[in-house]
>>> print(open('data_25.cif').read())   # mmCIF, C-alpha atoms and all ligand atoms
data_input
loop_
_atom_site.label_atom_id
_atom_site.label_comp_id
_atom_site.auth_asym_id
_atom_site.auth_seq_id
_atom_site.Cartn_x
_atom_site.Cartn_y
_atom_site.Cartn_z
CA MET A 186 12.45 -39.67 -35.67
CA SER A 187 12.88 -39.30 -39.43
CA TYR A 188 12.19 -35.91 -40.90
CA ASP A 189 11.60 -35.25 -44.55
CA LYS A 190 14.89 -34.94 -46.40
CA ASN A 191 13.63 -32.08 -48.54
CA ILE A 192 13.30 -29.74 -45.60
CA ARG A 193 16.49 -27.73 -45.35
CA GLN A 194 16.33 -27.12 -41.64
CA CYS A 195 15.35 -29.43 -38.83
CA PRO A 196 11.76 -28.59 -37.73
CA ARG A 197 12.90 -28.48 -34.10
CA ASP A 198 15.37 -25.68 -34.97
CA VAL A 199 12.74 -23.81 -36.99
CA PHE A 200 10.25 -24.02 -34.10
CA SER A 201 12.86 -23.18 -31.49
CA GLU A 202 13.91 -20.04 -33.38
CA TYR A 203 10.28 -19.07 -33.93
CA LEU A 204 9.42 -19.41 -30.22
CA ALA A 205 12.50 -17.41 -29.18
CA LYS A 206 11.71 -14.67 -31.71
CA HIS A 207 8.12 -14.39 -30.45
CA HIS A 208 9.11 -14.54 -26.78
CA LYS A 209 7.23 -17.78 -26.20
CA ARG A 210 8.35 -20.52 -23.85
CA ARG A 211 10.06 -23.61 -25.24
CA THR A 212 8.05 -26.17 -23.27
CA PRO A 213 8.46 -29.96 -23.59
CA GLU A 214 4.72 -30.21 -24.48
CA ARG A 215 5.17 -27.91 -27.46
CA PHE A 216 8.07 -30.00 -28.75
CA ALA A 217 6.23 -33.29 -28.15
CA ILE A 218 3.35 -31.90 -30.25
CA LEU A 219 5.80 -30.78 -32.94
CA ASP A 220 7.49 -34.22 -33.08
CA SER A 221 4.19 -36.01 -33.26
CA ALA A 222 2.82 -33.67 -35.97
CA MET A 223 6.01 -34.11 -38.04
CA SER A 224 5.71 -37.90 -37.87
CA THR A 225 2.03 -37.87 -38.95
CA PRO A 226 1.80 -38.19 -42.75
CA ASP A 227 -2.01 -37.75 -43.05
CA HIS A 228 -4.47 -35.02 -42.20
CA PHE A 229 -5.64 -34.89 -38.63
CA THR A 230 -8.14 -33.07 -36.46
CA ILE A 231 -7.34 -31.77 -32.99
CA GLU A 232 -9.39 -34.64 -31.50
CA SER A 233 -7.69 -37.40 -33.52
CA PHE A 234 -4.31 -35.87 -32.72
CA HIS A 235 -5.19 -35.81 -29.03
CA ASP A 236 -6.05 -39.54 -29.20
CA LYS A 237 -2.75 -40.27 -30.95
CA LEU A 238 -0.77 -38.39 -28.27
CA GLU A 239 -2.66 -40.22 -25.52
CA SER A 240 -1.80 -43.57 -27.13
CA GLU A 241 1.85 -42.48 -27.21
CA GLY A 242 1.65 -41.67 -23.49
CA PHE A 243 1.51 -37.84 -23.72
CA HIS A 244 -1.23 -36.21 -21.72
CA VAL A 245 -1.76 -32.79 -23.21
CA SER A 246 -5.01 -30.79 -23.14
CA LEU A 247 -6.99 -30.02 -26.29
CA ALA A 248 -6.38 -26.31 -25.60
CA THR A 249 -2.59 -26.81 -25.57
CA ILE A 250 -2.76 -28.88 -28.75
CA TYR A 251 -4.86 -26.19 -30.44
CA SER A 252 -2.60 -23.30 -29.43
CA THR A 253 0.58 -25.20 -30.35
CA LEU A 254 -0.79 -26.23 -33.76
CA GLU A 255 -1.65 -22.59 -34.41
CA LEU A 256 1.98 -21.67 -33.63
CA LEU A 257 3.15 -24.41 -36.00
CA VAL A 258 0.84 -23.06 -38.71
CA ASP A 259 2.19 -19.56 -38.10
CA CYS A 260 5.81 -20.69 -38.49
CA GLY A 261 5.00 -22.70 -41.62
CA LEU A 262 5.62 -26.26 -40.39
CA VAL A 263 1.94 -27.24 -40.45
CA ARG A 264 -0.98 -26.31 -42.72
CA ARG A 265 -4.56 -25.81 -41.62
CA HIS A 266 -7.37 -26.84 -43.99
CA ARG A 267 -11.08 -26.35 -43.84
CA PHE A 268 -12.94 -28.90 -45.91
CA GLY A 269 -16.58 -27.83 -46.25
CA SER A 270 -18.22 -27.26 -42.88
CA ASP A 271 -16.05 -29.84 -41.07
CA SER A 272 -13.74 -28.89 -38.21
CA ALA A 273 -10.22 -27.82 -39.18
CA ARG A 274 -7.74 -30.47 -40.31
CA TYR A 275 -4.01 -30.09 -40.07
CA GLU A 276 -1.13 -31.64 -41.97
CA ARG A 277 2.63 -31.22 -41.83
CA THR A 278 4.19 -29.15 -44.61
CA ALA A 279 7.28 -31.35 -45.01
CA GLY A 280 6.81 -34.15 -47.51
CA SER A 281 3.41 -32.91 -48.64
CA ALA A 282 4.43 -31.38 -51.96
CA ASN A 283 1.53 -29.63 -53.70
CA HIS A 284 -1.31 -32.13 -53.83
CA HIS A 285 -5.05 -31.97 -54.27
CA HIS A 286 -7.72 -33.25 -51.92
CA LEU A 287 -10.70 -35.36 -52.87
CA VAL A 288 -13.16 -34.57 -50.10
CA CYS A 289 -16.27 -36.68 -49.48
CA SER A 290 -19.04 -34.24 -48.68
CA ARG A 291 -20.97 -36.95 -46.82
CA CYS A 292 -18.51 -38.72 -44.48
CA GLY A 293 -15.70 -36.15 -44.64
CA LYS A 294 -13.04 -38.61 -45.80
CA VAL A 295 -10.09 -36.89 -47.49
CA LYS A 296 -7.93 -38.55 -50.11
CA GLU A 297 -4.76 -36.97 -51.44
CA VAL A 298 -4.03 -37.05 -55.14
CA ARG A 299 -1.06 -35.77 -57.07
CA ASP A 300 -1.20 -34.51 -60.63
CA ALA A 301 2.15 -33.13 -61.79
CA SER A 302 0.82 -31.41 -64.92
CA LEU A 303 -1.93 -29.61 -63.00
CA SER A 304 0.52 -28.62 -60.24
CA GLU A 305 2.95 -27.23 -62.81
CA ALA A 306 0.17 -25.30 -64.56
CA ILE A 307 -0.98 -23.69 -61.30
CA SER A 308 2.58 -22.99 -60.13
CA ALA A 309 3.32 -21.20 -63.41
CA ILE A 310 0.56 -18.64 -62.87
CA ARG A 311 1.73 -15.27 -61.50
CA TYR A 312 -0.72 -13.08 -59.63
CA PRO A 313 0.33 -9.41 -59.67
CA GLY A 314 0.97 -8.06 -56.20
CA PHE A 315 0.66 -11.48 -54.57
CA ALA A 316 3.49 -13.76 -53.46
CA ALA A 317 2.05 -17.26 -53.62
CA SER A 318 3.65 -19.83 -51.31
CA TYR A 319 1.52 -22.92 -51.89
CA PHE A 320 -1.87 -23.95 -53.20
CA SER A 321 -4.48 -26.44 -52.18
CA LEU A 322 -7.20 -27.65 -54.50
CA ASN A 323 -10.21 -29.37 -52.97
CA ILE A 324 -12.54 -31.45 -55.11
CA TYR A 325 -15.83 -32.34 -53.42
CA GLY A 326 -18.02 -35.36 -54.11
CA LEU A 327 -18.85 -38.82 -52.79
CA CYS A 328 -16.27 -41.43 -51.79
CA ARG A 329 -16.56 -45.06 -52.93
CA ALA A 330 -18.15 -46.24 -49.66
CA CYS A 331 -20.73 -43.43 -49.68
CA GLN A 332 -21.59 -44.09 -53.35
CA LYS A 333 -22.17 -47.74 -52.45
CA ARG A 334 -24.35 -46.75 -49.49
CA GLU A 335 -26.29 -44.38 -51.75
CA ARG A 336 -26.90 -47.13 -54.36
CA LYS A 337 -28.07 -49.53 -51.63
CA ALA A 338 -30.41 -46.91 -50.17
CA GLY A 339 -31.80 -46.29 -53.69
CA GLN A 340 -32.49 -49.98 -54.20
CA THR A 341 -34.25 -50.30 -50.83
CA SER A 342 -36.45 -47.28 -51.46
CA ARG A 343 -37.36 -48.59 -54.93
CA LYS A 344 -38.30 -51.93 -53.36
CA VAL A 345 -40.43 -50.19 -50.71
CA ASN A 346 -42.16 -48.13 -53.43
CA LYS A 347 -42.84 -51.28 -55.44
CA ASN A 348 -44.32 -53.00 -52.38
CA ASN A 349 -46.49 -49.96 -51.67
CA GLN A 350 -47.71 -49.97 -55.26
CA THR A 351 -48.57 -53.66 -55.05
CA LEU A 352 -50.44 -53.03 -51.80
CA SER A 353 -52.46 -50.16 -53.26
CA THR A 354 -53.27 -52.23 -56.36
CA ILE A 355 -54.59 -55.02 -54.13
CA ARG A 356 -56.56 -52.48 -52.07
CA ASN A 357 -57.99 -50.88 -55.23
CA ARG A 358 -59.02 -54.27 -56.55
CA LYS A 359 -60.86 -55.03 -53.30
CA LYS A 360 -62.91 -51.82 -53.62
ZN ZN B 401 -17.82 -40.77 -47.92
ZN ZN B 402 -3.22 -32.74 -47.84
#
>>> encode(input="data_25.cif", output="structure tokens")
Amino acid sequence: MSYDKNIRQCPRDVFSEYLAKHHKRRTPERFAILDSAMSTPDHFTIESFHDKLESEGFHVSLATIYSTLELLVDCGLVRRHRFGSDSARYERTAGSANHHHLVCSRCGKVKEVRDASLSEAISAIRYPGFAASYFSLNIYGLCRACQKRERKAGQTSRKVNKNNQTLSTIRNRKK
């Protein structure tokens, strides 16, 4: 398993220390979930993560996945996002230097974008009395596929309207 080189400490050690400190058991399931989360570069939901674990041969309940991910969020190895009204998405902290999310408000697809100048500008801001650790900027709109679908739907409805107009003209003429 290859961990991000930028992380100073091995995630397994971080998690192990965290569990010991909080008097929680160091179960093989928890570490399997950690390993799998650390090797997932994109955002994932609990359901998609469950499918991934199943395909890797780990049978862990959704409840265990949820509670373990919450522990990983608490110890800083994983981030939880809420994009619009969708269910929570998670992503590993390692290797995901400050980036922005382009979120499709129709299909929920999330694309990551990096903009160094914007990141620097935000990082330079100091908020009195607040110790910022990271930021996440979400930009909402329509993805390419949904824009295409929208254009197609627009064309069809225009065609239908045109046909209806033609029909009513014919009907009016008959009167
Ligand atoms: Zn979309
Ligand atoms: Zn992200």
>>> closest_residue(input="data_25.cif", among="A:Val298, A:Lys333, A:Gly280, A:Pro213", to="A:His244", atoms="only C-alpha atoms")
A:Pro213
>>> residues_around(input="data_25.cif", residues="stretch 226-233 of chain A", least_positions_apart="3", cutoff="9 Å", atoms="all atoms listed in the file", output="ChimeraX atom specification")
/A:222-223,236-238,247,250-251,254,266,272-277,280-281,295,297
>>> atom_distance(input="data_25.cif", atom1="atom CA of A:Leu322", atom2="atom CA of A:Ser302")
13.7 Å
>>> residues_around(input="data_25.cif", residues="A:His207", least_positions_apart="6", cutoff="12 Å", atoms="only C-alpha atoms", output="PDB file with C-alpha atoms, in the frame of the given file")
ATOM      1  CA  PHE A 200      10.250 -24.020 -34.100  1.00  0.00           C
ATOM      2  CA  SER A 201      12.860 -23.180 -31.490  1.00  0.00           C
ATOM      3  CA  LEU A 256       1.980 -21.670 -33.630  1.00  0.00           C
ATOM      4  CA  ASP A 259       2.190 -19.560 -38.100  1.00  0.00           C
ATOM      5  CA  CYS A 260       5.810 -20.690 -38.490  1.00  0.00           C
TER       6      CYS A 260
END
>>> closest_residue(input="data_25.cif", among="A:Arg334, A:Arg291, A:Arg311, A:Lys296", to="ligand ZN 401 (chain B)", atoms="only C-alpha atoms and all ligand atoms")
A:Arg291
>>> closest_residue(input="data_25.cif", among="A:Glu239, A:Arg197, A:His285, A:Leu257", to="ligand ZN 402 (chain B)", atoms="all atoms listed in the file")
A:His285
>>> closest_residue(input="data_25.cif", among="A:Glu241, A:Glu335, A:Asp300, A:Asp271", to="ligand ZN 401 (chain B)", atoms="only C-alpha atoms and all ligand atoms")
A:Glu335
>>> closest_atom_pairs(input="data_25.cif", of="chain A", to="ligand ZN 401 (chain B)", cutoff="8 Å", atoms="all atoms listed in the file", output="tab-separated table")
residue	atom	partner	partner_atom	distance
A:Cys289	CA	B:ZN401	ZN	4.6
A:Ser290	CA	B:ZN401	ZN	6.7
A:Arg291	CA	B:ZN401	ZN	5.1
A:Cys292	CA	B:ZN401	ZN	4.1
A:Gly293	CA	B:ZN401	ZN	6.0
A:Lys294	CA	B:ZN401	ZN	5.7
A:Leu327	CA	B:ZN401	ZN	5.3
A:Cys328	CA	B:ZN401	ZN	4.2
A:Arg329	CA	B:ZN401	ZN	6.7
A:Ala330	CA	B:ZN401	ZN	5.7
A:Cys331	CA	B:ZN401	ZN	4.3
A:Gln332	CA	B:ZN401	ZN	7.4
>>> atom_distance(input="data_25.cif", atom1="atom CA of A:Asp198", atom2="atom CA of A:Glu255")
17.3 Å
>>> closest_residue(input="data_25.cif", among="A:Tyr319, A:Tyr312, A:Phe216, A:Phe234", to="ligand ZN 402 (chain B)", atoms="all atoms listed in the file")
A:Tyr319
>>> closest_residue(input="data_25.cif", among="A:Asn323, A:Ser240, A:Ser221, A:Gln194", to="ligand ZN 402 (chain B)", atoms="only C-alpha atoms and all ligand atoms")
A:Asn323
>>> atom_distance(input="data_25.cif", atom1="atom CA of A:His208", atom2="atom CA of A:Ala316")
27.3 Å
>>> axis_aligned_box(input="data_25.cif", around="stretch 297-308 of chain A", padding_each_side="6 Å", output="JSON")
{"center_x": -0.9, "center_y": -30.0, "center_z": -58.2, "size_x": 19.7, "size_y": 26.1, "size_z": 25.5}
